[in-house]
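Content type mmCIF, C-alpha atoms and all ligand atoms, from the file data-v6.cif:
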data_entry
loop_
_atom_site.label_atom_id
_atom_site.label_comp_id
_atom_site.auth_asym_id
_atom_site.auth_seq_id
_atom_site.Cartn_x
_atom_site.Cartn_y
_atom_site.Cartn_z
CA MET A 1 -58.03 26.53 49.60
CA ILE A 2 -57.73 23.03 50.97
CA LYS A 3 -57.36 20.20 48.52
CA ASP A 4 -56.64 16.51 48.84
CA THR A 5 -56.30 16.10 45.09
CA GLU A 6 -54.68 18.05 42.30
CA VAL A 7 -56.48 19.74 39.47
CA VAL A 8 -54.42 18.68 36.50
CA SER A 9 -56.25 20.34 33.64
CA VAL A 10 -59.27 22.35 32.66
CA GLN A 11 -60.55 21.15 29.34
CA ILE A 12 -64.21 22.13 29.13
CA ASP A 13 -65.48 22.08 25.56
CA GLY A 14 -68.98 23.03 24.45
CA ASP A 15 -69.80 19.57 23.03
CA ARG A 16 -70.29 17.97 26.41
CA TYR A 17 -73.33 20.17 27.00
CA HIS A 18 -75.36 18.95 24.03
CA ASP A 19 -73.71 15.99 22.25
CA THR A 20 -75.60 12.67 22.49
CA ARG A 21 -72.32 10.67 22.46
CA HIS A 22 -71.28 12.40 25.69
CA ALA A 23 -74.70 11.68 27.16
CA ARG A 24 -74.40 7.99 26.25
CA VAL A 25 -70.95 7.77 27.84
CA GLU A 26 -72.30 9.46 30.95
CA THR A 27 -75.12 6.91 31.12
CA ASP A 28 -72.82 3.92 30.78
CA HIS A 29 -69.89 5.12 32.86
CA ILE A 30 -71.32 7.61 35.34
CA TRP A 31 -75.03 7.16 36.02
CA ARG A 32 -74.82 3.36 35.91
CA LYS A 33 -71.51 3.15 37.80
CA THR A 34 -71.66 5.79 40.52
CA TRP A 35 -73.35 6.09 43.89
CA LEU A 36 -76.41 8.31 43.39
CA LEU A 37 -78.50 10.05 46.04
CA ALA A 38 -81.93 8.54 45.38
CA ALA A 39 -84.29 9.07 48.32
CA LEU A 40 -84.88 10.30 51.83
CA GLU A 41 -84.82 7.66 54.56
CA SER A 42 -87.72 9.50 56.18
CA ASP A 43 -89.89 8.49 53.21
CA LEU A 44 -89.07 4.85 53.89
CA GLN A 45 -89.54 4.57 57.63
CA LYS A 46 -92.60 2.31 57.55
CA PRO A 47 -92.76 -1.22 56.08
CA LYS A 48 -94.59 -1.27 52.73
CA SER A 49 -93.26 2.15 51.73
CA THR A 50 -91.66 2.64 48.33
CA VAL A 51 -89.87 5.47 46.54
CA THR A 52 -88.97 5.49 42.87
CA PHE A 53 -85.94 7.36 41.58
CA ASP A 54 -85.63 8.08 37.86
CA ILE A 55 -82.26 8.80 36.30
CA GLY A 56 -82.11 8.96 32.51
CA HIS A 57 -83.80 5.84 31.14
CA ASP A 58 -83.30 3.97 34.39
CA SER A 59 -85.76 3.92 37.21
CA ILE A 60 -85.01 2.39 40.61
CA ILE A 61 -87.49 1.32 43.28
CA ILE A 62 -86.37 1.61 46.89
CA SER A 63 -88.61 -0.15 49.40
CA ARG A 64 -88.91 -0.97 53.08
CA ALA A 65 -90.06 -4.59 53.10
CA ASN A 66 -91.97 -6.40 55.83
CA ASP A 67 -88.69 -7.71 57.26
CA GLY A 68 -87.79 -4.07 58.03
CA ALA A 69 -84.87 -3.97 55.61
CA LEU A 70 -84.38 -1.58 52.71
CA TYR A 71 -84.14 -2.96 49.19
CA ALA A 72 -83.39 -1.39 45.82
CA TYR A 73 -84.09 -2.89 42.41
CA HIS A 74 -84.83 -1.85 38.87
CA ASN A 75 -88.32 -0.58 38.19
CA ALA A 76 -88.84 -2.97 35.27
CA CYS A 77 -91.04 -6.07 35.32
CA THR A 78 -89.00 -9.20 34.64
CA HIS A 79 -91.81 -10.50 32.41
CA ARG A 80 -91.78 -7.99 29.53
CA GLY A 81 -90.02 -4.98 31.06
CA THR A 82 -92.98 -2.77 31.91
CA ARG A 83 -92.23 0.05 34.34
CA LEU A 84 -93.92 -1.05 37.54
CA LEU A 85 -94.31 2.11 39.60
CA GLU A 86 -94.68 5.77 38.69
CA GLU A 87 -92.08 8.20 40.03
CA GLY A 88 -92.71 9.27 43.62
CA VAL A 89 -93.46 8.07 47.12
CA SER A 90 -96.12 5.42 47.75
CA SER A 91 -97.16 2.63 50.07
CA SER A 92 -98.31 -0.87 49.19
CA PRO A 93 -97.70 -4.41 50.50
CA LEU A 94 -96.93 -5.68 46.99
CA ILE A 95 -95.87 -4.36 43.61
CA THR A 96 -98.23 -5.44 40.85
CA CYS A 97 -97.34 -4.94 37.20
CA PRO A 98 -100.04 -2.83 35.54
CA TYR A 99 -99.78 -4.90 32.30
CA HIS A 100 -100.14 -8.66 33.08
CA ALA A 101 -100.45 -8.46 36.86
CA TRP A 102 -97.19 -10.14 37.77
CA CYS A 103 -96.82 -9.58 41.47
CA PHE A 104 -93.63 -8.90 43.46
CA ASN A 105 -92.87 -8.76 47.18
CA LEU A 106 -91.19 -5.60 48.43
CA ASP A 107 -87.87 -7.44 48.62
CA GLY A 108 -88.09 -7.81 44.83
CA GLN A 109 -89.00 -11.53 44.79
CA LEU A 110 -91.62 -12.70 42.33
CA ARG A 111 -94.68 -13.66 44.34
CA GLY A 112 -96.87 -14.88 41.55
CA ALA A 113 -98.06 -14.54 37.99
CA PRO A 114 -101.45 -15.27 36.40
CA ASP A 115 -101.76 -18.72 34.76
CA PRO A 116 -98.36 -20.01 35.97
CA ASN A 117 -98.91 -23.36 34.20
CA SER A 118 -98.69 -21.58 30.83
CA PHE A 119 -94.95 -21.01 31.36
CA THR A 120 -93.46 -24.31 30.20
CA ALA A 121 -90.02 -23.15 31.39
CA GLY A 122 -91.55 -22.42 34.80
CA LEU A 123 -91.18 -19.25 36.84
CA PRO A 124 -87.72 -19.57 38.45
CA GLY A 125 -87.48 -17.18 41.40
CA ASP A 126 -83.76 -16.42 41.04
CA ARG A 127 -84.14 -15.47 37.39
CA LEU A 128 -87.33 -13.50 37.80
CA ARG A 129 -86.78 -11.44 40.91
CA LEU A 130 -86.53 -7.72 40.16
CA LYS A 131 -82.95 -6.91 39.22
CA PRO A 132 -81.22 -5.76 42.41
CA VAL A 133 -79.30 -2.53 42.83
CA GLN A 134 -76.76 -1.72 45.55
CA LEU A 135 -78.11 0.42 48.39
CA GLU A 136 -76.52 2.26 51.31
CA THR A 137 -77.59 5.10 53.57
CA TRP A 138 -75.74 8.19 54.80
CA GLN A 139 -76.95 11.25 56.75
CA GLY A 140 -80.62 10.32 56.21
CA PHE A 141 -80.20 9.88 52.46
CA VAL A 142 -80.54 6.62 50.53
CA PHE A 143 -77.91 6.08 47.86
CA VAL A 144 -78.09 3.49 45.09
CA ASN A 145 -75.53 2.14 42.68
CA MET A 146 -76.45 0.10 39.60
CA ASP A 147 -72.92 -1.32 39.46
CA ARG A 148 -73.04 -4.55 41.48
CA ASP A 149 -69.23 -4.44 41.83
CA ALA A 150 -69.00 -0.84 43.07
CA ALA A 151 -66.85 -0.11 46.12
CA PRO A 152 -68.71 0.84 49.35
CA LEU A 153 -70.35 4.27 49.56
CA SER A 154 -67.96 5.38 52.32
CA ASP A 155 -65.00 4.78 49.99
CA PHE A 156 -66.67 6.91 47.34
CA LEU A 157 -67.60 9.76 49.72
CA GLY A 158 -64.15 9.77 51.37
CA ASN A 159 -63.54 13.00 53.28
CA MET A 160 -67.12 14.16 52.76
CA VAL A 161 -68.16 11.81 55.56
CA LYS A 162 -65.94 13.63 58.07
CA ARG A 163 -66.92 17.09 56.81
CA ALA A 164 -70.66 16.51 57.13
CA ALA A 165 -70.52 14.58 60.41
CA PRO A 166 -71.01 17.55 62.82
CA TYR A 167 -74.25 18.59 61.10
CA GLN A 168 -77.49 16.88 62.09
CA ILE A 169 -78.69 16.36 58.53
CA ALA A 170 -80.38 13.03 59.27
CA LYS A 171 -82.59 14.76 61.86
CA MET A 172 -83.83 17.43 59.46
CA ASP A 173 -87.42 17.35 58.25
CA LEU A 174 -88.56 17.81 54.66
CA LEU A 175 -90.24 21.19 54.31
CA GLU A 176 -90.52 21.53 50.55
CA ASP A 177 -90.03 19.17 47.56
CA GLN A 178 -89.71 20.82 44.16
CA THR A 179 -88.62 19.75 40.67
CA VAL A 180 -88.09 22.17 37.81
CA SER A 181 -87.36 21.22 34.21
CA VAL A 182 -84.72 23.45 32.65
CA ASP A 183 -83.36 24.02 29.14
CA CYS A 184 -79.74 23.23 29.91
CA ASN A 185 -77.53 20.21 30.24
CA TRP A 186 -77.38 18.76 33.77
CA LYS A 187 -73.71 19.80 34.05
CA ALA A 188 -74.50 23.48 33.44
CA MET A 189 -76.51 23.35 36.67
CA ILE A 190 -73.61 21.75 38.56
CA ASP A 191 -71.18 24.31 37.10
CA ASN A 192 -73.47 27.06 38.33
CA PHE A 193 -73.33 25.72 41.88
CA SER A 194 -69.56 25.20 41.72
CA GLU A 195 -68.46 28.82 41.74
CA LEU A 196 -69.24 32.13 43.43
CA TYR A 197 -67.76 34.21 40.62
CA HIS A 198 -71.25 35.04 39.31
CA VAL A 199 -72.76 35.88 42.69
CA ASP A 200 -71.90 39.56 42.94
CA HIS A 201 -73.42 40.20 39.52
CA ILE A 202 -76.61 38.15 39.46
CA HIS A 203 -77.32 37.73 43.20
CA PRO A 204 -76.80 41.30 44.46
CA GLN A 205 -78.80 40.52 47.63
CA HIS A 206 -76.00 38.21 48.85
CA LYS A 207 -73.79 41.14 49.76
CA ARG A 208 -76.22 41.80 52.61
CA PHE A 209 -75.67 38.46 54.41
CA VAL A 210 -72.54 36.57 53.23
CA ASP A 211 -68.94 37.43 52.42
CA CYS A 212 -68.18 35.56 49.19
CA PRO A 213 -64.68 37.05 48.68
CA ASN A 214 -63.62 35.32 51.90
CA ALA A 215 -65.10 31.95 51.00
CA SER A 216 -62.84 28.90 50.96
CA ASP A 217 -62.96 26.03 48.48
CA GLU A 218 -62.11 22.39 49.06
CA LEU A 219 -61.38 19.77 46.42
CA PHE A 220 -61.76 16.09 47.23
CA GLU A 221 -61.07 12.75 45.62
CA ASN A 222 -63.67 11.37 43.22
CA GLY A 223 -64.82 14.82 42.10
CA HIS A 224 -66.46 16.02 45.32
CA THR A 225 -65.96 19.63 46.39
CA GLY A 226 -66.64 21.82 49.40
CA LEU A 227 -67.27 25.48 50.05
CA HIS A 228 -67.46 27.53 53.23
CA VAL A 229 -68.81 31.08 53.14
CA PRO A 230 -68.71 33.41 56.17
CA GLY A 231 -72.30 34.24 57.08
CA PHE A 232 -74.07 36.90 59.20
CA VAL A 233 -71.66 39.43 57.65
CA THR A 234 -71.70 41.76 54.69
CA ASP A 235 -69.57 41.43 51.57
CA SER A 236 -66.00 42.62 52.28
CA ARG A 237 -65.78 44.21 48.82
CA TYR A 238 -68.13 46.90 50.10
CA PRO A 239 -67.96 49.21 53.14
CA VAL A 240 -69.46 47.82 56.34
CA PRO A 241 -72.88 49.49 56.71
CA ASP A 242 -73.73 51.63 59.75
CA LYS A 243 -76.63 49.43 60.75
CA PRO A 244 -77.52 45.76 60.22
CA THR A 245 -78.88 44.89 56.78
CA ASP A 246 -82.43 43.57 56.44
CA TYR A 247 -81.09 39.97 56.38
CA GLN A 248 -78.92 40.51 59.44
CA GLU A 249 -81.82 42.11 61.28
CA MET A 250 -83.97 39.05 60.51
CA GLN A 251 -81.20 36.70 61.66
CA LEU A 252 -80.66 38.59 64.92
CA THR A 253 -84.38 38.81 65.64
CA ALA A 254 -84.78 35.03 65.07
CA LEU A 255 -82.33 34.48 67.93
CA GLY A 256 -84.05 37.00 70.18
CA ILE A 257 -81.33 39.64 69.80
CA ASP A 258 -82.19 43.36 69.54
CA ALA A 259 -80.81 44.38 66.12
CA SER A 260 -80.77 48.07 67.05
CA ALA A 261 -77.97 47.35 69.53
CA PHE A 262 -75.70 46.80 66.52
CA HIS A 263 -76.00 50.24 64.95
CA GLY A 264 -72.42 51.32 64.38
CA ARG A 265 -71.04 47.86 65.21
CA VAL A 266 -72.26 45.58 62.42
CA ALA A 267 -68.93 43.73 62.38
CA ASP A 268 -69.73 42.39 65.88
CA ILE A 269 -72.81 40.48 64.69
CA PRO A 270 -71.18 37.06 63.98
CA ALA A 271 -69.70 36.96 67.50
CA ALA A 272 -73.09 37.82 68.99
CA ILE A 273 -74.78 35.11 66.90
CA THR A 274 -72.19 32.56 68.01
CA GLN A 275 -72.65 33.51 71.65
CA ALA A 276 -76.45 33.33 71.40
CA LYS A 277 -76.36 29.92 69.74
CA ARG A 278 -73.95 28.61 72.39
CA GLU A 279 -76.17 29.92 75.17
CA GLN A 280 -79.27 28.39 73.63
CA SER A 281 -77.63 25.06 72.79
CA GLY A 282 -79.25 22.24 74.70
CA ARG A 283 -82.18 24.29 75.99
CA LYS A 284 -83.89 25.89 73.01
CA GLY A 285 -84.20 22.66 71.05
CA TYR A 286 -80.82 22.71 69.33
CA ASP A 287 -77.60 20.89 70.10
CA TYR A 288 -74.58 22.72 68.72
CA SER A 289 -72.01 20.81 70.76
CA ALA A 290 -70.41 19.09 67.74
CA LEU A 291 -69.94 22.35 65.83
CA SER A 292 -67.09 24.84 66.04
CA ASP A 293 -67.77 28.56 66.53
CA GLU A 294 -66.89 29.12 62.89
CA GLN A 295 -69.36 26.47 61.76
CA LEU A 296 -72.16 28.22 63.68
CA THR A 297 -71.92 31.25 61.38
CA THR A 298 -70.72 29.63 58.15
CA VAL A 299 -72.78 28.62 55.14
CA PHE A 300 -71.46 25.30 53.88
CA GLN A 301 -71.85 23.60 50.55
CA TYR A 302 -70.74 20.10 49.64
CA ASN A 303 -71.06 18.95 46.05
CA LEU A 304 -71.13 15.18 45.75
CA PHE A 305 -70.01 13.96 42.37
CA PRO A 306 -71.68 13.79 39.97
CA ASN A 307 -74.92 15.63 40.59
CA ILE A 308 -75.64 16.56 44.22
CA ILE A 309 -75.38 19.91 45.98
CA LEU A 310 -75.84 20.01 49.75
CA SER A 311 -75.96 23.63 50.82
CA GLY A 312 -76.90 24.86 54.25
CA SER A 313 -76.27 25.84 57.82
CA PRO A 314 -76.56 23.99 61.14
CA GLU A 315 -80.33 24.58 61.07
CA GLY A 316 -81.25 23.77 57.49
CA LEU A 317 -80.16 22.37 54.18
CA TRP A 318 -81.00 22.43 50.50
CA MET A 319 -80.43 19.13 48.73
CA MET A 320 -80.27 19.99 45.03
CA ARG A 321 -79.98 17.23 42.45
CA SER A 322 -79.40 17.75 38.75
CA ARG A 323 -80.73 14.93 36.56
CA PRO A 324 -80.35 14.53 32.80
CA HIS A 325 -83.34 14.47 30.47
CA PRO A 326 -83.57 10.85 29.20
CA ASP A 327 -83.31 11.80 25.51
CA ASP A 328 -82.25 15.42 25.12
CA PRO A 329 -78.82 16.41 26.52
CA SER A 330 -79.86 20.08 26.26
CA LYS A 331 -82.51 19.59 28.94
CA SER A 332 -82.43 18.47 32.55
CA TYR A 333 -84.25 18.53 35.86
CA LEU A 334 -83.34 20.17 39.14
CA ASP A 335 -84.80 18.57 42.25
CA LYS A 336 -84.69 20.67 45.40
CA TRP A 337 -85.49 19.32 48.84
CA THR A 338 -85.67 21.92 51.58
CA LEU A 339 -84.75 20.29 54.88
CA GLN A 340 -84.96 21.92 58.26
CA LEU A 341 -83.75 21.00 61.73
CA ASN A 342 -86.72 21.58 63.97
CA PRO A 343 -86.21 22.34 67.65
CA ASP A 344 -86.03 19.09 69.60
CA PRO A 345 -88.65 19.13 72.40
CA ALA A 346 -86.34 16.90 74.47
CA LEU A 347 -83.86 19.79 74.44
CA GLY A 348 -86.45 22.38 75.40
CA GLY A 349 -87.53 23.16 71.84
CA ALA A 350 -91.00 24.34 70.99
CA SER A 351 -92.05 22.39 67.92
CA GLU A 352 -94.70 24.92 66.95
CA HIS A 353 -91.99 27.51 66.32
CA LYS A 354 -91.10 26.23 62.88
CA GLN A 355 -88.75 28.44 60.95
CA THR A 356 -89.53 28.76 57.27
CA MET A 357 -86.66 30.91 56.03
CA HIS A 358 -85.11 27.97 54.15
CA ALA A 359 -88.22 27.35 52.05
CA ALA A 360 -89.26 29.21 48.94
CA SER A 361 -92.97 29.32 49.70
CA GLY A 362 -93.40 27.78 53.14
CA ASN A 363 -96.91 26.65 52.21
CA SER A 364 -96.37 23.26 50.60
CA GLU A 365 -99.39 21.02 50.24
CA ILE A 366 -99.37 18.05 52.63
CA THR A 367 -100.46 14.63 51.32
CA ASN A 368 -100.49 11.57 53.62
CA GLY A 369 -98.36 13.41 56.15
CA ARG A 370 -95.71 14.42 53.63
CA VAL A 371 -95.20 17.59 51.64
CA ALA A 372 -96.36 17.02 48.07
CA ARG A 373 -93.78 17.15 45.30
CA ASP A 374 -94.28 20.22 43.13
CA CYS A 375 -93.11 19.81 39.51
CA PHE A 376 -93.00 22.72 37.08
CA GLY A 377 -91.10 24.21 34.16
CA HIS A 378 -88.55 27.01 34.21
CA GLU A 379 -91.07 29.16 32.32
CA GLU A 380 -93.16 29.27 35.49
CA ILE A 381 -90.17 30.60 37.38
CA LEU A 382 -89.58 33.23 34.69
CA SER A 383 -93.25 34.28 34.88
CA GLY A 384 -93.09 34.45 38.68
CA SER A 385 -95.83 31.86 39.28
CA LYS A 386 -93.32 29.48 40.91
CA SER A 387 -90.21 30.08 42.99
CA MET A 388 -87.32 28.03 44.33
CA THR A 389 -86.13 31.07 46.34
CA GLU A 390 -84.88 34.33 44.89
CA THR A 391 -81.31 33.05 44.46
CA ILE A 392 -82.15 29.82 42.60
CA ASP A 393 -84.69 31.66 40.44
CA GLN A 394 -81.96 34.09 39.40
CA ASP A 395 -79.71 31.18 38.39
CA ILE A 396 -82.46 29.37 36.50
CA SER A 397 -83.38 32.53 34.61
CA LEU A 398 -79.92 32.46 32.96
CA LEU A 399 -79.18 28.80 32.36
CA ALA A 400 -80.98 28.49 29.00
CA ARG A 401 -78.72 31.30 27.75
CA VAL A 402 -75.64 29.56 29.13
CA GLN A 403 -76.70 26.41 27.27
CA ALA A 404 -77.39 28.26 24.02
CA GLY A 405 -74.01 29.96 24.06
CA ALA A 406 -72.08 26.79 24.92
CA ARG A 407 -73.62 25.14 21.85
CA SER A 408 -72.54 27.96 19.52
CA SER A 409 -69.74 27.30 17.02
CA GLY A 410 -68.22 30.50 18.41
CA PHE A 411 -67.46 28.81 21.75
CA ASP A 412 -64.69 26.24 21.89
CA ARG A 413 -63.62 25.87 25.51
CA ALA A 414 -64.01 27.58 28.86
CA TRP A 415 -61.45 30.00 30.33
CA LEU A 416 -61.70 29.81 34.09
CA SER A 417 -60.71 32.06 36.98
CA ASP A 418 -59.24 30.84 40.26
CA GLN A 419 -62.70 31.42 41.72
CA GLU A 420 -63.97 28.59 39.50
CA VAL A 421 -61.57 25.92 40.72
CA ARG A 422 -64.46 23.66 41.77
CA VAL A 423 -65.83 23.81 38.20
CA ALA A 424 -62.39 22.76 36.98
CA HIS A 425 -62.20 19.88 39.45
CA PHE A 426 -65.64 18.56 38.49
CA HIS A 427 -64.70 18.55 34.80
CA ASP A 428 -61.27 17.05 35.40
CA VAL A 429 -62.94 14.01 36.89
CA LEU A 430 -65.45 13.93 34.03
CA ASN A 431 -62.59 14.22 31.55
CA GLU A 432 -61.12 10.93 32.76
CA THR A 433 -64.33 9.23 31.63
CA TYR A 434 -64.54 11.15 28.35
CA HIS A 435 -60.90 10.36 27.63
CA LYS A 436 -61.31 6.62 28.24
CA ALA A 437 -64.30 6.68 25.90
CA GLY A 438 -62.28 8.44 23.17
CA LEU A 439 -64.33 11.64 23.28
CA ILE A 440 -61.38 13.88 24.16
CA ASP A 441 -57.63 13.68 23.86
CA ALA A 442 -55.56 13.09 26.97
CA SER A 443 -55.91 16.01 29.35
FE FE B 501 -76.05 31.50 41.54
#
Represent the structure of the file as structure tokens.
Ligand SMILES: [Fe+2]
Amino acid sequence: MIKDTEVVSVQIDGDRYHDTRHARVETDHIWRKTWLLAALESDLQKPKSTVTFDIGHDSIIISRANDGALYAYHNACTHRGTRLLEEGVSSSPLITCPYHAWCFNLDGQLRGAPDPNSFTAGLPGDRLRLKPVQLETWQGFVFVNMDRDAAPLSDFLGNMVKRAAPYQIAKMDLLEDQTVSVDCNWKAMIDNFSELYHVDHIHPQHKRFVDCPNASDELFENGHTGLHVPGFVTDSRYPVPDKPTDYQEMQLTALGIDASAFHGRVADIPAAITQAKREQSGRKGYDYSALSDEQLTTVFQYNLFPNIILSGSPEGLWMMRSRPHPDDPSKSYLDKWTLQLNPDPALGGASEHKQTMHAASGNSEITNGRVARDCFGHEEILSGSKSMTETIDQDISLLARVQAGARSSGFDRAWLSDQEVRVAHFHDVLNETYHKAGLIDAS
């Protein structure tokens, strides 16, 4: 394990998963003070485009104004506070309040209000522009920070910037956009994606394409974590099979390799995959020149504090975002963007050969040239009418039970294994905030 910070304690009580005081502290000291991944730059390429991002009771508008610049401001009319735009992606030259028709330019400036002479104090532009929010971009994502005094995003991300640099995340296209409401606190979702200890038990299919026992964890400043899992291999806890598994066969075939050639030599598959990717680099639409051999066959995951999971490979990525329910700490939302690096025609790629193995359904509805956002409840996953891929569905099927148990008077605090060191790190950083707010004793 590589770490640039020390885990000093692991105090994880059950209260933080349901108590409204914890939720209020998180609102004041985390959601309103931290850089948050809010939007995709690809949704804001054209002037007049807007995206709204809701987090708790706050809603932020991100827009590309006519001057070509990106702006972020609170989604609350400066007249009487009305929420201006619904959540989602839209396009309009102006933002008009649905209540009294106050009108704002896309840089947030007040453009006009009906009957201006009826305001005896006038309509001062500085006072009445939409309240600005800090904005920065990284790897094709737009981040916002409601704290006007926050340090730059690069300071907050620290080593994550270097780790993600070889991957072409900013060039990936959105293939699927899903949001599921779940009956668990937002942190239970992050905990779930901060350890592999549960994988062998509830994701038995993983033994056929990754080797979790040989995964490596990384802990970073500010609560970020990393994970690298050897891919294109089988789980080292089990005997190597005589022939490639169904997943390995699919992976070999996708690269034009005859899977039957690996009967009796399954352990040679990663080397063959690496060689094939190197040979195809620069002429089959992909450029792997910035990636090491190990990176070509490794599944990576970077968790950005507090609520982002970036999990993927050189060819695709899941951006998963856990968001709290505005009023009920026992509920939350999981957003999942499936992003895919499509073969670049300039590098000999054939754009019609779109892979879909990263997406759950691969048949998302397209509206105005963009995949439509699909919102549903976890009940629909349990019934099988919706899916976020087999693995995520398996996690979601258990999280309401995790939440219920953590709220029981029979649970006082977690007891973690070394395999859950990223869970510990996440909560150690949270504990600093809880401690300052008087919710827990010193760690
Ligand atoms: Fe899982």
From CA of Pro241 (chain A) to CA of Gly264 (chain A) the spacing works out at 7.9 Å
Need the shell around Ala290 (chain A): protein/DNA/RNA residues with any atom at most 7 Å away, counting all atoms listed in the file. Skip same-chain ones fewer than 2 positions apart. Format as a count of residues only? 3
**Message:** At a cut-off of 10 Å and counting all atoms listed in the file, what residues surround ligand FE 501 (chain B)? Please answer as JSON, numbers by chain.
**Reply:** {"A": [189, 191, 192, 193, 194, 195, 196, 197, 198, 199, 200, 201, 202, 203, 206, 390, 391, 392, 393, 394, 395, 396, 398]}
Find the residues around Glu87 (chain A) up to 9 Å (only C-alpha atoms counted), leave out those fewer than 5 positions away in its own chain, and share them as a CSV table (one decimal) with C-alpha atoms, in the frame of the given file.
chain,number,residue,atom,x,y,z
A,51,VAL,CA,-89.9,5.5,46.5
A,52,THR,CA,-89.0,5.5,42.9
A,53,PHE,CA,-85.9,7.4,41.6
A,54,ASP,CA,-85.6,8.1,37.9
A,59,SER,CA,-85.8,3.9,37.2
A,61,ILE,CA,-87.5,1.3,43.3
- Given the choices A:His427, A:Lys46, A:His22, A:Arg422, which gets closest to Ser216 (chain A) if the distance is worked out from only C-alpha atoms?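 Nearest to Ser216 (chain A): A:Arg422.
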Using all atoms listed in the file, which protein or nucleic acid residues come within 12 Å of His325 (chain A)? Drop anything in the same chain fewer than 4 positions from it, and give the result as a short mmCIF file (atom, residue, chain, number, x, y, z; two decimals) with C-alpha atoms, in the coordinates of the input.
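Saved file part_31.cif follows:
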data_model
loop_
_atom_site.label_atom_id
_atom_site.label_comp_id
_atom_site.auth_asym_id
_atom_site.auth_seq_id
_atom_site.Cartn_x
_atom_site.Cartn_y
_atom_site.Cartn_z
CA HIS A 18 -75.36 18.95 24.03
CA THR A 20 -75.60 12.67 22.49
CA ALA A 23 -74.70 11.68 27.16
CA ARG A 24 -74.40 7.99 26.25
CA THR A 27 -75.12 6.91 31.12
CA ASP A 54 -85.63 8.08 37.86
CA ILE A 55 -82.26 8.80 36.30
CA GLY A 56 -82.11 8.96 32.51
CA HIS A 57 -83.80 5.84 31.14
CA ASP A 58 -83.30 3.97 34.39
CA VAL A 180 -88.09 22.17 37.81
CA SER A 181 -87.36 21.22 34.21
CA VAL A 182 -84.72 23.45 32.65
CA ASP A 183 -83.36 24.02 29.14
CA CYS A 184 -79.74 23.23 29.91
CA ASN A 185 -77.53 20.21 30.24
CA TRP A 186 -77.38 18.76 33.77
CA LYS A 187 -73.71 19.80 34.05
CA PRO A 329 -78.82 16.41 26.52
CA SER A 330 -79.86 20.08 26.26
CA LYS A 331 -82.51 19.59 28.94
CA SER A 332 -82.43 18.47 32.55
CA TYR A 333 -84.25 18.53 35.86
CA LEU A 334 -83.34 20.17 39.14
#
Which residues are close to Ala72 (chain A), i.e. within 7 Å by only C-alpha atoms, leaving aside same-chain residues fewer than 3 positions away? Reply as a list of chain:residue names.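 Close residues of Ala72 (chain A): A:Ile60, A:Ile61, A:Ile62, A:Ser63, A:Pro132, A:Val133, A:Gln134, A:Leu135.
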Expected file: the selected residues, C-alpha atoms, as a PDB file, in the coordinates of the input:
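Dumped to out-v7.pdb:
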ATOM      1  CA  ILE A  60     -85.010   2.390  40.610  1.00  0.00           C
ATOM      2  CA  ILE A  61     -87.490   1.320  43.280  1.00  0.00           C
ATOM      3  CA  ILE A  62     -86.370   1.610  46.890  1.00  0.00           C
ATOM      4  CA  SER A  63     -88.610  -0.150  49.400  1.00  0.00           C
ATOM      5  CA  PRO A 132     -81.220  -5.760  42.410  1.00  0.00           C
ATOM      6  CA  VAL A 133     -79.300  -2.530  42.830  1.00  0.00           C
ATOM      7  CA  GLN A 134     -76.760  -1.720  45.550  1.00  0.00           C
ATOM      8  CA  LEU A 135     -78.110   0.420  48.390  1.00  0.00           C
TER       9      LEU A 135
END
What's the separation between CA of Val299 (chain A) and CA of Asp258 (chain A), in Å to one decimal place?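 Pair CA of Val299 (chain A) / CA of Asp258 (chain A) returns 22.7 Å.
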key: Selection near Trp138 (chain A), 10 Å with only C-alpha atoms, sequence-local residues under 5 positions removed, as a count of residues only   = 11
#### Entry: Among the residues A:Phe232, A:Tyr99, A:Trp337, A:Tyr17, the one that comes closest to Glu176 (chain A) [using all atoms listed in the file]
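Among the listed residues, A:Trp337 lies closest to Glu176 (chain A).
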